[in-house]
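Structure below is coords01.pdb: PDB, C-alpha atoms and all ligand atoms.
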ATOM      1  CA  MET G  19      14.561   5.929 -51.821
ATOM      2  CA  GLN G  20      13.861   7.162 -55.358
ATOM      3  CA  THR G  21      15.998   5.291 -57.845
ATOM      4  CA  ASP G  22      16.488   8.341 -60.069
ATOM      5  CA  ALA G  23      17.927  10.468 -57.270
ATOM      6  CA  ALA G  24      21.678  11.046 -57.435
ATOM      7  CA  VAL G  25      21.540  12.672 -53.994
ATOM      8  CA  GLU G  26      18.958  11.953 -51.326
ATOM      9  CA  VAL G  27      19.267  13.858 -48.067
ATOM     10  CA  VAL G  28      16.553  13.267 -45.485
ATOM     11  CA  GLY G  29      16.276  15.128 -42.184
ATOM     12  CA  LEU G  30      20.002  16.015 -42.109
ATOM     13  CA  VAL G  31      21.200  17.520 -38.840
ATOM     14  CA  LYS G  32      24.750  18.765 -38.348
ATOM     15  CA  ARG G  33      26.012  20.568 -35.257
ATOM     16  CA  TYR G  34      29.291  22.283 -34.469
ATOM     17  CA  GLY G  35      29.342  22.275 -30.669
ATOM     18  CA  SER G  36      26.212  24.093 -29.582
ATOM     19  CA  LYS G  37      25.669  25.578 -33.070
ATOM     20  CA  THR G  38      23.153  23.752 -35.257
ATOM     21  CA  ALA G  39      24.371  24.432 -38.798
ATOM     22  CA  VAL G  40      21.927  22.097 -40.549
ATOM     23  CA  ASP G  41      18.581  21.527 -38.953
ATOM     24  CA  GLY G  42      16.529  18.756 -40.544
ATOM     25  CA  LEU G  43      17.344  19.449 -44.181
ATOM     26  CA  ASP G  44      15.740  17.444 -47.005
ATOM     27  CA  LEU G  45      17.177  17.541 -50.497
ATOM     28  CA  SER G  46      16.675  15.219 -53.413
ATOM     29  CA  VAL G  47      18.661  15.764 -56.608
ATOM     30  CA  ALA G  48      17.495  13.988 -59.753
ATOM     31  CA  THR G  49      20.129  12.268 -61.868
ATOM     32  CA  GLY G  50      21.219  14.278 -64.892
ATOM     33  CA  THR G  51      20.081  17.634 -63.547
ATOM     34  CA  VAL G  52      21.839  20.770 -62.341
ATOM     35  CA  THR G  53      20.669  21.834 -58.892
ATOM     36  CA  ALA G  54      21.689  25.172 -57.409
ATOM     37  CA  VAL G  55      21.679  25.501 -53.637
ATOM     38  CA  LEU G  56      21.184  29.135 -52.649
ATOM     39  CA  GLY G  57      21.091  30.705 -49.213
ATOM     40  CA  PRO G  58      22.417  33.553 -47.087
ATOM     41  CA  ASN G  59      25.886  33.325 -45.530
ATOM     42  CA  GLY G  60      25.910  30.720 -42.809
ATOM     43  CA  ALA G  61      22.685  29.050 -44.008
ATOM     44  CA  GLY G  62      24.301  25.603 -43.977
ATOM     45  CA  LYS G  63      24.972  25.074 -47.696
ATOM     46  CA  THR G  64      28.654  24.162 -47.468
ATOM     47  CA  THR G  65      28.057  21.949 -44.454
ATOM     48  CA  THR G  66      25.356  20.068 -46.377
ATOM     49  CA  ILE G  67      27.512  19.684 -49.470
ATOM     50  CA  GLU G  68      30.533  18.591 -47.418
ATOM     51  CA  THR G  69      28.382  15.994 -45.688
ATOM     52  CA  CYS G  70      27.314  14.670 -49.104
ATOM     53  CA  GLU G  71      30.972  14.500 -50.099
ATOM     54  CA  GLY G  72      31.766  12.438 -47.005
ATOM     55  CA  TYR G  73      33.897  15.117 -45.302
ATOM     56  CA  ARG G  74      31.457  15.505 -42.429
ATOM     57  CA  ARG G  75      29.512  12.938 -40.459
ATOM     58  CA  PRO G  76      25.809  13.707 -39.945
ATOM     59  CA  ASP G  77      24.522  14.104 -36.399
ATOM     60  CA  GLY G  78      21.060  13.083 -37.586
ATOM     61  CA  GLY G  79      19.173  12.077 -40.704
ATOM     62  CA  THR G  80      20.403  10.125 -43.691
ATOM     63  CA  VAL G  81      22.501  10.990 -46.719
ATOM     64  CA  ARG G  82      22.768   8.800 -49.806
ATOM     65  CA  VAL G  83      24.882   9.819 -52.768
ATOM     66  CA  LEU G  84      24.677   7.637 -55.888
ATOM     67  CA  GLY G  85      22.942   5.190 -53.556
ATOM     68  CA  LEU G  86      25.933   5.061 -51.173
ATOM     69  CA  ASP G  87      26.585   6.287 -47.659
ATOM     70  CA  PRO G  88      29.335   8.917 -48.116
ATOM     71  CA  VAL G  89      30.934   8.121 -44.733
ATOM     72  CA  THR G  90      30.929   4.333 -44.609
ATOM     73  CA  GLN G  91      31.116   3.772 -48.390
ATOM     74  CA  GLY G  92      33.394   6.692 -49.232
ATOM     75  CA  ALA G  93      35.987   4.505 -50.968
ATOM     76  CA  ALA G  94      33.384   3.338 -53.486
ATOM     77  CA  LEU G  95      31.878   6.789 -53.869
ATOM     78  CA  ARG G  96      34.981   8.967 -54.320
ATOM     79  CA  PRO G  97      36.002   7.692 -57.790
ATOM     80  CA  ARG G  98      32.499   8.524 -59.060
ATOM     81  CA  ILE G  99      32.219  12.123 -57.844
ATOM     82  CA  GLY G 100      34.053  15.357 -58.514
ATOM     83  CA  VAL G 101      34.470  17.904 -55.753
ATOM     84  CA  MET G 102      35.353  21.575 -55.994
ATOM     85  CA  LEU G 103      35.861  23.029 -52.561
ATOM     86  CA  GLN G 104      35.522  26.741 -51.733
ATOM     87  CA  SER G 105      39.256  26.854 -51.059
ATOM     88  CA  GLY G 106      42.237  24.731 -50.248
ATOM     89  CA  GLY G 107      42.889  21.083 -50.957
ATOM     90  CA  VAL G 108      46.110  21.800 -52.869
ATOM     91  CA  TYR G 109      49.699  21.885 -51.547
ATOM     92  CA  PRO G 110      51.014  25.463 -51.887
ATOM     93  CA  GLY G 111      54.268  24.429 -53.602
ATOM     94  CA  VAL G 112      52.866  22.040 -56.178
ATOM     95  CA  ARG G 113      52.723  23.184 -59.807
ATOM     96  CA  ALA G 114      49.286  23.533 -61.403
ATOM     97  CA  GLU G 115      49.904  20.999 -64.162
ATOM     98  CA  GLU G 116      51.486  18.439 -61.796
ATOM     99  CA  MET G 117      48.488  18.693 -59.517
ATOM    100  CA  LEU G 118      46.054  18.194 -62.370
ATOM    101  CA  ARG G 119      47.979  15.221 -63.796
ATOM    102  CA  HIS G 120      48.255  13.682 -60.342
ATOM    103  CA  THR G 121      44.496  14.036 -59.808
ATOM    104  CA  ALA G 122      43.791  12.573 -63.274
ATOM    105  CA  ARG G 123      45.792   9.448 -62.373
ATOM    106  CA  LEU G 124      43.404   8.729 -59.508
ATOM    107  CA  TYR G 125      40.565   8.072 -61.945
ATOM    108  CA  ALA G 126      39.898   5.216 -64.355
ATOM    109  CA  HIS G 127      38.831   7.332 -67.348
ATOM    110  CA  PRO G 128      40.165  10.874 -66.959
ATOM    111  CA  VAL G 129      39.627  13.551 -69.589
ATOM    112  CA  ASP G 130      42.569  14.884 -71.623
ATOM    113  CA  VAL G 131      44.499  17.044 -69.138
ATOM    114  CA  ASP G 132      45.957  19.405 -71.767
ATOM    115  CA  LEU G 133      42.578  19.956 -73.353
ATOM    116  CA  LEU G 134      40.927  20.666 -70.016
ATOM    117  CA  ALA G 135      43.758  23.023 -68.967
ATOM    118  CA  ASP G 136      43.336  24.921 -72.242
ATOM    119  CA  ARG G 137      39.569  25.154 -71.847
ATOM    120  CA  LEU G 138      40.054  26.723 -68.426
ATOM    121  CA  GLY G 139      42.886  29.014 -69.496
ATOM    122  CA  LEU G 140      45.427  27.155 -67.362
ATOM    123  CA  GLY G 141      47.777  26.294 -70.220
ATOM    124  CA  SER G 142      50.123  29.211 -69.621
ATOM    125  CA  CYS G 143      50.432  28.766 -65.854
ATOM    126  CA  GLY G 144      50.977  25.002 -65.757
ATOM    127  CA  ARG G 145      54.480  25.377 -64.282
ATOM    128  CA  THR G 146      53.488  27.958 -61.703
ATOM    129  CA  PRO G 147      53.348  26.773 -58.072
ATOM    130  CA  TYR G 148      49.844  26.837 -56.633
ATOM    131  CA  ARG G 149      50.626  29.583 -54.114
ATOM    132  CA  ARG G 150      51.736  31.929 -56.945
ATOM    133  CA  LEU G 151      48.575  31.464 -58.992
ATOM    134  CA  SER G 152      46.077  34.324 -58.873
ATOM    135  CA  GLY G 153      42.848  33.710 -56.932
ATOM    136  CA  GLY G 154      40.968  33.134 -60.174
ATOM    137  CA  GLN G 155      43.619  30.722 -61.492
ATOM    138  CA  GLN G 156      43.509  28.748 -58.224
ATOM    139  CA  GLN G 157      39.755  28.612 -58.572
ATOM    140  CA  ARG G 158      39.997  27.357 -62.156
ATOM    141  CA  LEU G 159      42.533  24.715 -61.135
ATOM    142  CA  SER G 160      40.136  23.490 -58.416
ATOM    143  CA  LEU G 161      37.385  23.251 -61.020
ATOM    144  CA  ALA G 162      39.687  21.360 -63.397
ATOM    145  CA  MET G 163      40.581  18.938 -60.586
ATOM    146  CA  ALA G 164      36.885  18.333 -59.937
ATOM    147  CA  LEU G 165      36.210  17.677 -63.631
ATOM    148  CA  VAL G 166      39.251  15.701 -64.677
ATOM    149  CA  GLY G 167      37.933  12.319 -63.499
ATOM    150  CA  ARG G 168      34.800  12.534 -65.684
ATOM    151  CA  PRO G 169      32.575  12.324 -62.591
ATOM    152  CA  GLU G 170      28.986  11.088 -62.654
ATOM    153  CA  LEU G 171      28.192  13.649 -60.016
ATOM    154  CA  LEU G 172      29.892  16.970 -59.463
ATOM    155  CA  PHE G 173      29.748  19.152 -56.354
ATOM    156  CA  LEU G 174      30.770  22.765 -56.973
ATOM    157  CA  ASP G 175      30.969  25.145 -54.030
ATOM    158  CA  GLU G 176      30.692  28.694 -55.410
ATOM    159  CA  PRO G 177      32.431  27.712 -58.651
ATOM    160  CA  THR G 178      32.661  31.166 -60.204
ATOM    161  CA  ALA G 179      33.088  33.384 -57.129
ATOM    162  CA  GLY G 180      35.833  35.865 -57.983
ATOM    163  CA  LEU G 181      36.240  34.767 -61.596
ATOM    164  CA  ASP G 182      36.469  37.240 -64.465
ATOM    165  CA  PRO G 183      33.583  37.228 -66.978
ATOM    166  CA  GLN G 184      35.499  35.093 -69.500
ATOM    167  CA  ALA G 185      36.296  32.406 -66.931
ATOM    168  CA  ARG G 186      32.727  32.564 -65.647
ATOM    169  CA  GLN G 187      31.359  31.926 -69.145
ATOM    170  CA  ALA G 188      33.875  29.107 -69.723
ATOM    171  CA  THR G 189      32.816  27.501 -66.443
ATOM    172  CA  TRP G 190      29.132  27.772 -67.321
ATOM    173  CA  GLU G 191      29.815  26.221 -70.707
ATOM    174  CA  LEU G 192      31.610  23.283 -69.074
ATOM    175  CA  VAL G 193      28.739  22.739 -66.655
ATOM    176  CA  ARG G 194      26.238  22.741 -69.545
ATOM    177  CA  GLU G 195      28.356  20.213 -71.447
ATOM    178  CA  LEU G 196      28.588  17.956 -68.406
ATOM    179  CA  ARG G 197      24.851  18.027 -68.038
ATOM    180  CA  ALA G 198      24.370  17.291 -71.747
ATOM    181  CA  ASP G 199      26.641  14.251 -71.220
ATOM    182  CA  GLY G 200      24.328  13.013 -68.469
ATOM    183  CA  ALA G 201      26.255  14.121 -65.377
ATOM    184  CA  THR G 202      24.530  15.473 -62.293
ATOM    185  CA  VAL G 203      25.720  18.783 -60.854
ATOM    186  CA  VAL G 204      25.056  20.251 -57.428
ATOM    187  CA  LEU G 205      26.390  23.761 -56.989
ATOM    188  CA  THR G 206      26.173  26.452 -54.367
ATOM    189  CA  THR G 207      26.216  30.044 -55.455
ATOM    190  CA  HIS G 208      25.443  33.574 -54.343
ATOM    191  CA  GLN G 209      25.041  34.658 -57.942
ATOM    192  CA  MET G 210      21.402  34.548 -58.851
ATOM    193  CA  ASP G 211      22.109  34.862 -62.571
ATOM    194  CA  GLU G 212      24.310  31.767 -62.307
ATOM    195  CA  ALA G 213      21.401  29.806 -60.847
ATOM    196  CA  GLU G 214      19.037  31.203 -63.492
ATOM    197  CA  GLN G 215      21.460  30.335 -66.275
ATOM    198  CA  LEU G 216      22.450  26.844 -65.175
ATOM    199  CA  ALA G 217      19.975  25.277 -62.808
ATOM    200  CA  ASP G 218      17.098  22.975 -63.638
ATOM    201  CA  ASP G 219      16.219  23.115 -60.000
ATOM    202  CA  VAL G 220      16.909  25.572 -57.182
ATOM    203  CA  ALA G 221      16.859  24.849 -53.454
ATOM    204  CA  ILE G 222      16.839  27.895 -51.188
ATOM    205  CA  VAL G 223      18.348  27.079 -47.804
ATOM    206  CA  ASP G 224      17.884  29.212 -44.732
ATOM    207  CA  ARG G 225      18.822  28.454 -41.130
ATOM    208  CA  GLY G 226      19.761  24.892 -41.995
ATOM    209  CA  ARG G 227      16.593  23.940 -43.893
ATOM    210  CA  VAL G 228      15.315  24.037 -47.445
ATOM    211  CA  ILE G 229      12.623  26.716 -47.483
ATOM    212  CA  ALA G 230      11.808  26.754 -51.213
ATOM    213  CA  ARG G 231      12.331  24.425 -54.101
ATOM    214  CA  GLY G 232      11.602  24.451 -57.810
ATOM    215  CA  SER G 233      12.829  25.491 -61.216
ATOM    216  CA  PRO G 234      13.968  29.127 -61.438
ATOM    217  CA  GLU G 235      10.910  29.866 -63.596
ATOM    218  CA  ALA G 236       8.492  28.243 -61.152
ATOM    219  CA  LEU G 237      10.018  30.036 -58.159
ATOM    220  CA  CYS G 238       9.738  33.387 -59.933
ATOM    221  CA  GLU G 239       6.132  32.787 -60.906
ATOM    222  CA  GLY G 240       4.810  31.292 -57.669
ATOM    223  CA  GLY G 241       2.470  33.769 -55.965
ATOM    224  CA  ALA G 242       4.274  36.493 -57.794
ATOM    225  CA  GLU G 243       3.073  39.946 -58.465
ATOM    226  CA  ASN G 244       4.856  41.579 -61.325
ATOM    227  CA  THR G 245       5.284  45.178 -62.297
ATOM    228  CA  LEU G 246       4.064  47.002 -65.362
ATOM    229  CA  ARG G 247       5.929  50.150 -66.304
ATOM    230  CA  PHE G 248       5.113  52.641 -68.994
ATOM    231  CA  THR G 249       6.099  56.137 -69.969
ATOM    232  CA  GLY G 250       3.781  58.762 -71.390
ATOM    233  CA  ARG G 251       2.954  62.392 -70.853
ATOM    234  CA  PRO G 252       3.361  63.600 -67.264
ATOM    235  CA  GLY G 253       0.461  64.087 -64.866
ATOM    236  CA  LEU G 254      -1.931  61.352 -66.014
ATOM    237  CA  ASP G 255      -5.029  60.888 -63.851
ATOM    238  CA  LEU G 256      -3.955  57.768 -61.999
ATOM    239  CA  LEU G 257      -7.100  57.646 -59.884
ATOM    240  CA  ALA G 258      -9.108  57.238 -63.076
ATOM    241  CA  LEU G 259      -6.651  54.602 -64.318
ATOM    242  CA  CYS G 260      -6.913  52.681 -61.049
ATOM    243  CA  LYS G 261     -10.711  52.585 -61.395
ATOM    244  CA  ALA G 262     -10.239  50.647 -64.630
ATOM    245  CA  LEU G 263      -7.850  48.189 -62.960
ATOM    246  CA  PRO G 264      -8.467  45.387 -60.410
ATOM    247  CA  ALA G 265      -9.003  46.721 -56.876
ATOM    248  CA  ASP G 266      -5.591  45.615 -55.554
ATOM    249  CA  ALA G 267      -3.575  47.286 -58.330
ATOM    250  CA  VAL G 268      -1.512  50.325 -57.344
ATOM    251  CA  ALA G 269      -0.407  52.928 -59.899
ATOM    252  CA  VAL G 270       2.358  55.427 -59.111
ATOM    253  CA  GLU G 271       4.014  58.186 -61.148
ATOM    254  CA  MET G 272       7.633  57.500 -60.238
ATOM    255  CA  THR G 273       9.156  60.502 -62.019
ATOM    256  CA  PRO G 274       7.247  62.872 -64.307
ATOM    257  CA  GLY G 275       5.863  60.764 -67.160
ATOM    258  CA  SER G 276       7.205  57.457 -65.797
ATOM    259  CA  TYR G 277       4.519  55.183 -64.352
ATOM    260  CA  ARG G 278       4.599  51.940 -62.419
ATOM    261  CA  ILE G 279       1.660  49.637 -61.740
ATOM    262  CA  GLU G 280       1.965  46.863 -59.193
ATOM    263  CA  GLY G 281      -0.475  44.013 -58.828
ATOM    264  CA  LYS G 282      -1.416  40.892 -60.676
ATOM    265  CA  VAL G 283       0.029  41.784 -64.038
ATOM    266  CA  ASP G 284      -1.628  39.496 -66.566
ATOM    267  CA  PRO G 285      -2.573  39.882 -70.230
ATOM    268  CA  GLN G 286      -5.904  41.407 -69.199
ATOM    269  CA  MET G 287      -4.199  44.151 -67.170
ATOM    270  CA  LEU G 288      -1.871  44.959 -70.058
ATOM    271  CA  ALA G 289      -4.882  45.242 -72.393
ATOM    272  CA  THR G 290      -6.750  47.445 -69.872
ATOM    273  CA  VAL G 291      -3.822  49.858 -69.532
ATOM    274  CA  ALA G 292      -3.309  50.024 -73.307
ATOM    275  CA  SER G 293      -7.010  50.656 -73.884
ATOM    276  CA  TRP G 294      -7.176  53.291 -71.090
ATOM    277  CA  CYS G 295      -4.194  55.062 -72.681
ATOM    278  CA  ALA G 296      -5.923  54.941 -76.080
ATOM    279  CA  GLN G 297      -9.126  56.445 -74.618
ATOM    280  CA  HIS G 298      -7.095  59.273 -73.074
ATOM    281  CA  GLY G 299      -4.978  60.000 -76.137
ATOM    282  CA  VAL G 300      -1.804  58.756 -74.487
ATOM    283  CA  LEU G 301       0.798  56.963 -76.576
ATOM    284  CA  PRO G 302       3.020  55.026 -74.151
ATOM    285  CA  ASP G 303       6.473  55.247 -75.701
ATOM    286  CA  ARG G 304       7.676  52.395 -73.544
ATOM    287  CA  ILE G 305       5.541  49.739 -71.920
ATOM    288  CA  ALA G 306       7.097  46.744 -70.204
ATOM    289  CA  VAL G 307       6.165  43.918 -67.890
ATOM    290  CA  GLU G 308       8.918  43.292 -65.402
ATOM    291  CA  ARG G 309       8.898  39.845 -63.912
ATOM    292  CA  ARG G 310      10.193  38.942 -60.514
ATOM    293  CA  THR G 311      13.774  37.764 -60.614
ATOM    294  CA  LEU G 312      15.272  34.983 -58.553
ATOM    295  CA  GLU G 313      16.953  37.677 -56.482
ATOM    296  CA  ASP G 314      13.544  39.208 -55.656
ATOM    297  CA  VAL G 315      12.273  35.781 -54.592
ATOM    298  CA  PHE G 316      15.419  35.087 -52.582
ATOM    299  CA  LEU G 317      15.163  38.386 -50.694
ATOM    300  CA  GLU G 318      11.434  37.947 -50.073
ATOM    301  CA  LEU G 319      12.042  34.510 -48.576
ATOM    302  CA  THR G 320      15.221  35.146 -46.611
ATOM    303  CA  GLY G 321      14.746  38.809 -45.697
ATOM    304  CA  ARG G 322      16.927  41.808 -46.336
ATOM    305  CA  GLU G 323      18.791  42.032 -43.052
ATOM    306  CA  LEU G 324      22.457  40.997 -42.948
ATOM    307  CA  ARG G 325      23.179  37.785 -41.112
ATOM    308  CA  GLY G 326      25.859  37.542 -38.477
TER
HETATM  309  N1  LIG E 401      34.028  23.959 -38.820
HETATM  310  C1  LIG E 401      33.109  24.713 -38.221
HETATM  311  N2  LIG E 401      33.114  24.904 -36.886
HETATM  312  C2  LIG E 401      32.159  25.630 -36.277
HETATM  313  N3  LIG E 401      31.131  26.234 -36.911
HETATM  314  C3  LIG E 401      31.074  26.077 -38.246
HETATM  315  C4  LIG E 401      32.048  25.320 -38.974
HETATM  316  N4  LIG E 401      31.718  25.349 -40.273
HETATM  317  C5  LIG E 401      30.593  26.085 -40.362
HETATM  318  N5  LIG E 401      30.206  26.519 -39.153
HETATM  319  C6  LIG E 401      29.006  27.335 -38.855
HETATM  320  O1  LIG E 401      27.885  26.632 -39.356
HETATM  321  C7  LIG E 401      26.973  27.519 -39.989
HETATM  322  C8  LIG E 401      26.754  27.095 -41.422
HETATM  323  O2  LIG E 401      27.953  27.295 -42.131
HETATM  324  P1  LIG E 401      28.123  26.898 -43.669
HETATM  325  O3  LIG E 401      29.543  27.149 -44.039
HETATM  326  O4  LIG E 401      27.575  25.539 -43.900
HETATM  327  O5  LIG E 401      27.159  27.982 -44.354
HETATM  328  P2  LIG E 401      27.039  28.435 -45.876
HETATM  329  O6  LIG E 401      25.583  28.466 -46.168
HETATM  330  O7  LIG E 401      27.885  27.588 -46.752
HETATM  331  O8  LIG E 401      27.603  29.909 -45.808
HETATM  332  P3  LIG E 401      28.429  30.810 -46.887
HETATM  333  O9  LIG E 401      27.427  31.254 -47.891
HETATM  334  O10 LIG E 401      28.911  31.947 -46.052
HETATM  335  O11 LIG E 401      29.524  29.969 -47.465
HETATM  336  C9  LIG E 401      27.568  28.918 -39.835
HETATM  337  O12 LIG E 401      26.979  29.525 -38.708
HETATM  338  C10 LIG E 401      29.037  28.670 -39.592
HETATM  339  O13 LIG E 401      29.592  29.666 -38.776
END
Spit out the file's structure as structure tokens when you get a sec.
Amino acid sequence: MQTDAAVEVVGLVKRYGSKTAVDGLDLSVATGTVTAVLGPNGAGKTTTIETCEGYRRPDGGTVRVLGLDPVTQGAALRPRIGVMLQSGGVYPGVRAEEMLRHTARLYAHPVDVDLLADRLGLGSCGRTPYRRLSGGQQQRLSLAMALVGRPELLFLDEPTAGLDPQARQATWELVRELRADGATVVLTTHQMDEAEQLADDVAIVDRGRVIARGSPEALCEGGAENTLRFTGRPGLDLLALCKALPADAVAVEMTPGSYRIEGKVDPQMLATVASWCAQHGVLPDRIAVERRTLEDVFLELTGRELRG
């Protein structure tokens, strides 16, 4: 096992009855990094994370978290990790502040509860019972509970789903600070911008396996074809333009005067288009290279159909 891996999952299999939720999944998370686990609904992300947290027992493969087996060495592991579940884990009648203080007492070196509550906008609802908190406030309390013990490793299951933009930004800021302090973060998300903003590394999971892995930048570049758009006068001779471009490039006039070229968009292609425009007396009033986004990559890899 790599010594710098905070999480090392090898060949994980997890079944629910006849349903195989995780099907030979490998995932290694380097210490001190933020890894985002992406995947369609039902891909097996939560099951994998819950197995790492020790809530589920693998049917096959091995899981080591901070070098420990989460099932048999859970007592040693739990004080070192923070866990934010998708929902639940809090008694409905308990007040937000009580719950946070109670959780803080379980750890040797908790952070300042009042400070953390303020950072997450929980100060004003500290005396409110959990069941009366709004969905977003419940979510923020779960995040605070995961953070309060100053964990070495933090698991966040869809941490900002349903949060307003302010709470989303506050959460992102906290994750960045944790990383700067040397913590490791594993998060699942359906928000591609969240992965792009936070993750050093992305693992795309589909049908219980990791099907792509890399930094957001690397995933967006790999094998990618980008798009070049420009606007100019309507009715340009695109056949002539295509002759100047590599054979696989396709140029289309999307709406009058708005052009899109697809293919291997590199500096040479940009220069060719600019020079062709110059030769034909066309001044493009907007010319832009649009790179593939993580969402494009995700949809290419996992398809566009809805999963049952
Ligand atoms: N407790 C359970 N009992 C039976 N089947 C389950 C259970 N939990 C999950 N599953 C099934 O296992 C598969 C993987 O579910 P999981 O929750 O791990 O996916 P996910 O990638 O986290 O999905 P989502 O993005 O919707 O949260 C799904 O088909 C789901 O229906």
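If only C-alpha atoms and all ligand atoms are the atoms counted, then among G:Gly72, G:Gly226, G:Gly78, G:Gly253 the closest residue to ligand LIG 401 (chain E) is G:Gly226.
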Hits from the PyMOL selection byres (((chain G and resi 29-38) around 8) and not hetatm), listed as a PyMOL selection string
chain G and resi 27-28+39-44+65-66+75-81+226
Carefully work through the PyMOL selection byres (((chain G and resi 153) around 12) and not hetatm) for this structure and note down the residues it includes, as a PyMOL selection string.
chain G and resi 104-106+148-152+154-160+178-182
Per residue of chain G within 6 Å of ligand LIG 401 (chain E), record the nearest atom pair and its distance in Å to one decimal, counting only C-alpha atoms and all ligand atoms, with rows in chain order and ascending residue number, as CSV.
residue,atom,partner,partner_atom,distance
G:Tyr34,CA,E:LIG401,C2,4.8
G:Ala39,CA,E:LIG401,O1,4.2
G:Gly57,CA,E:LIG401,O6,5.9
G:Pro58,CA,E:LIG401,O9,5.6
G:Asn59,CA,E:LIG401,O10,3.4
G:Gly60,CA,E:LIG401,O5,3.4
G:Ala61,CA,E:LIG401,O6,3.7
G:Gly62,CA,E:LIG401,O4,3.3
G:Lys63,CA,E:LIG401,O6,3.8
G:Thr64,CA,E:LIG401,O7,3.6
G:Thr65,CA,E:LIG401,O4,3.7
With C-alpha atoms retained, could you export that selection as a short mmCIF file (atom, residue, chain, number, x, y, z; two decimals), keeping the file's coordinate frame?
data_model
loop_
_atom_site.label_atom_id
_atom_site.label_comp_id
_atom_site.auth_asym_id
_atom_site.auth_seq_id
_atom_site.Cartn_x
_atom_site.Cartn_y
_atom_site.Cartn_z
CA TYR G 34 29.29 22.28 -34.47
CA ALA G 39 24.37 24.43 -38.80
CA GLY G 57 21.09 30.70 -49.21
CA PRO G 58 22.42 33.55 -47.09
CA ASN G 59 25.89 33.33 -45.53
CA GLY G 60 25.91 30.72 -42.81
CA ALA G 61 22.68 29.05 -44.01
CA GLY G 62 24.30 25.60 -43.98
CA LYS G 63 24.97 25.07 -47.70
CA THR G 64 28.65 24.16 -47.47
CA THR G 65 28.06 21.95 -44.45
#
Chain and number of each residue from the PyMOL selection byres (((chain G and resi 185-189) around 12) and not hetatm), as a ChimeraX atom specification
/G:134-140,154-162,164-165,174,176-184,190-196,209,211-212,215-216
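Distances here use all atoms listed in the file; by that measure, the residue among G:Asn244, G:Thr206, G:Thr146, G:Ser293 closest to Thr53 in chain G is G:Thr206.
Closest to Trp294 in chain G among G:Cys260, G:Val131, G:Val83, G:Ala269 is G:Cys260, based on all atoms listed in the file.
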Show me, as lines of an AutoDock Vina configuration file, the centre and edge lengths in Å to one decimal of the axis-aligned box that covers every listed atom of range 118-133 of chain G with 4 Å on each side.
center_x = 43.5
center_y = 12.6
center_z = -66.4
size_x = 17.4
size_y = 22.7
size_z = 21.8
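Among the candidates G:Glu115, G:Thr207, G:Leu259, G:Val129, the residue lying nearest to Ser142 in chain G is G:Glu115 (atoms considered: all atoms listed in the file).
Nearest-residue note for Pro110 in chain G: choosing from G:Gly92, G:Pro147, G:Ser46, G:Arg98, the minimum distance belongs to G:Pro147, counting only C-alpha atoms.
Counting from CA of Arg197 in chain G, the distance to CA of Phe173 in chain G is 12.7 Å.
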Quote the spacing between CA of Gln91 in chain G and CA of Val47 in chain G in Å to one decimal place.
19.1 Å
Answer as an MDAnalysis selection string, residues within 10 Å of (17.7, 34.9, -55.9) using all atoms listed in the file
chainID G and resid 56:57 207:214 220 222 234 237:238 310:320
Generate N, CA and C atoms for range 75-85 of chain G and emit them as a tab-separated table (two decimals), keeping the file's coordinate frame.
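Produced file out-v1.tsv, reproduced below:
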chain	number	residue	atom	x	y	z
G	75	ARG	N	30.39	14.02	-40.87
G	75	ARG	CA	29.51	12.94	-40.46
G	75	ARG	C	28.22	13.55	-39.94
G	76	PRO	N	27.07	13.11	-40.43
G	76	PRO	CA	25.81	13.71	-39.94
G	76	PRO	C	25.57	13.41	-38.47
G	77	ASP	N	24.96	14.36	-37.78
G	77	ASP	CA	24.52	14.10	-36.40
G	77	ASP	C	23.11	13.53	-36.38
G	78	GLY	N	22.41	13.64	-37.49
G	78	GLY	CA	21.06	13.08	-37.59
G	78	GLY	C	20.65	13.03	-39.03
G	79	GLY	N	19.67	12.18	-39.34
G	79	GLY	CA	19.17	12.08	-40.70
G	79	GLY	C	20.02	11.14	-41.54
G	80	THR	N	19.65	11.02	-42.81
G	80	THR	CA	20.40	10.12	-43.69
G	80	THR	C	20.83	10.85	-44.95
G	81	VAL	N	21.98	10.43	-45.48
G	81	VAL	CA	22.50	10.99	-46.72
G	81	VAL	C	22.89	9.81	-47.61
G	82	ARG	N	22.36	9.81	-48.82
G	82	ARG	CA	22.77	8.80	-49.81
G	82	ARG	C	23.18	9.53	-51.07
G	83	VAL	N	24.36	9.19	-51.56
G	83	VAL	CA	24.88	9.82	-52.77
G	83	VAL	C	25.20	8.70	-53.75
G	84	LEU	N	24.61	8.73	-54.91
G	84	LEU	CA	24.68	7.64	-55.89
G	84	LEU	C	24.35	6.32	-55.19
G	85	GLY	N	23.41	6.38	-54.27
G	85	GLY	CA	22.94	5.19	-53.56
G	85	GLY	C	23.86	4.75	-52.43
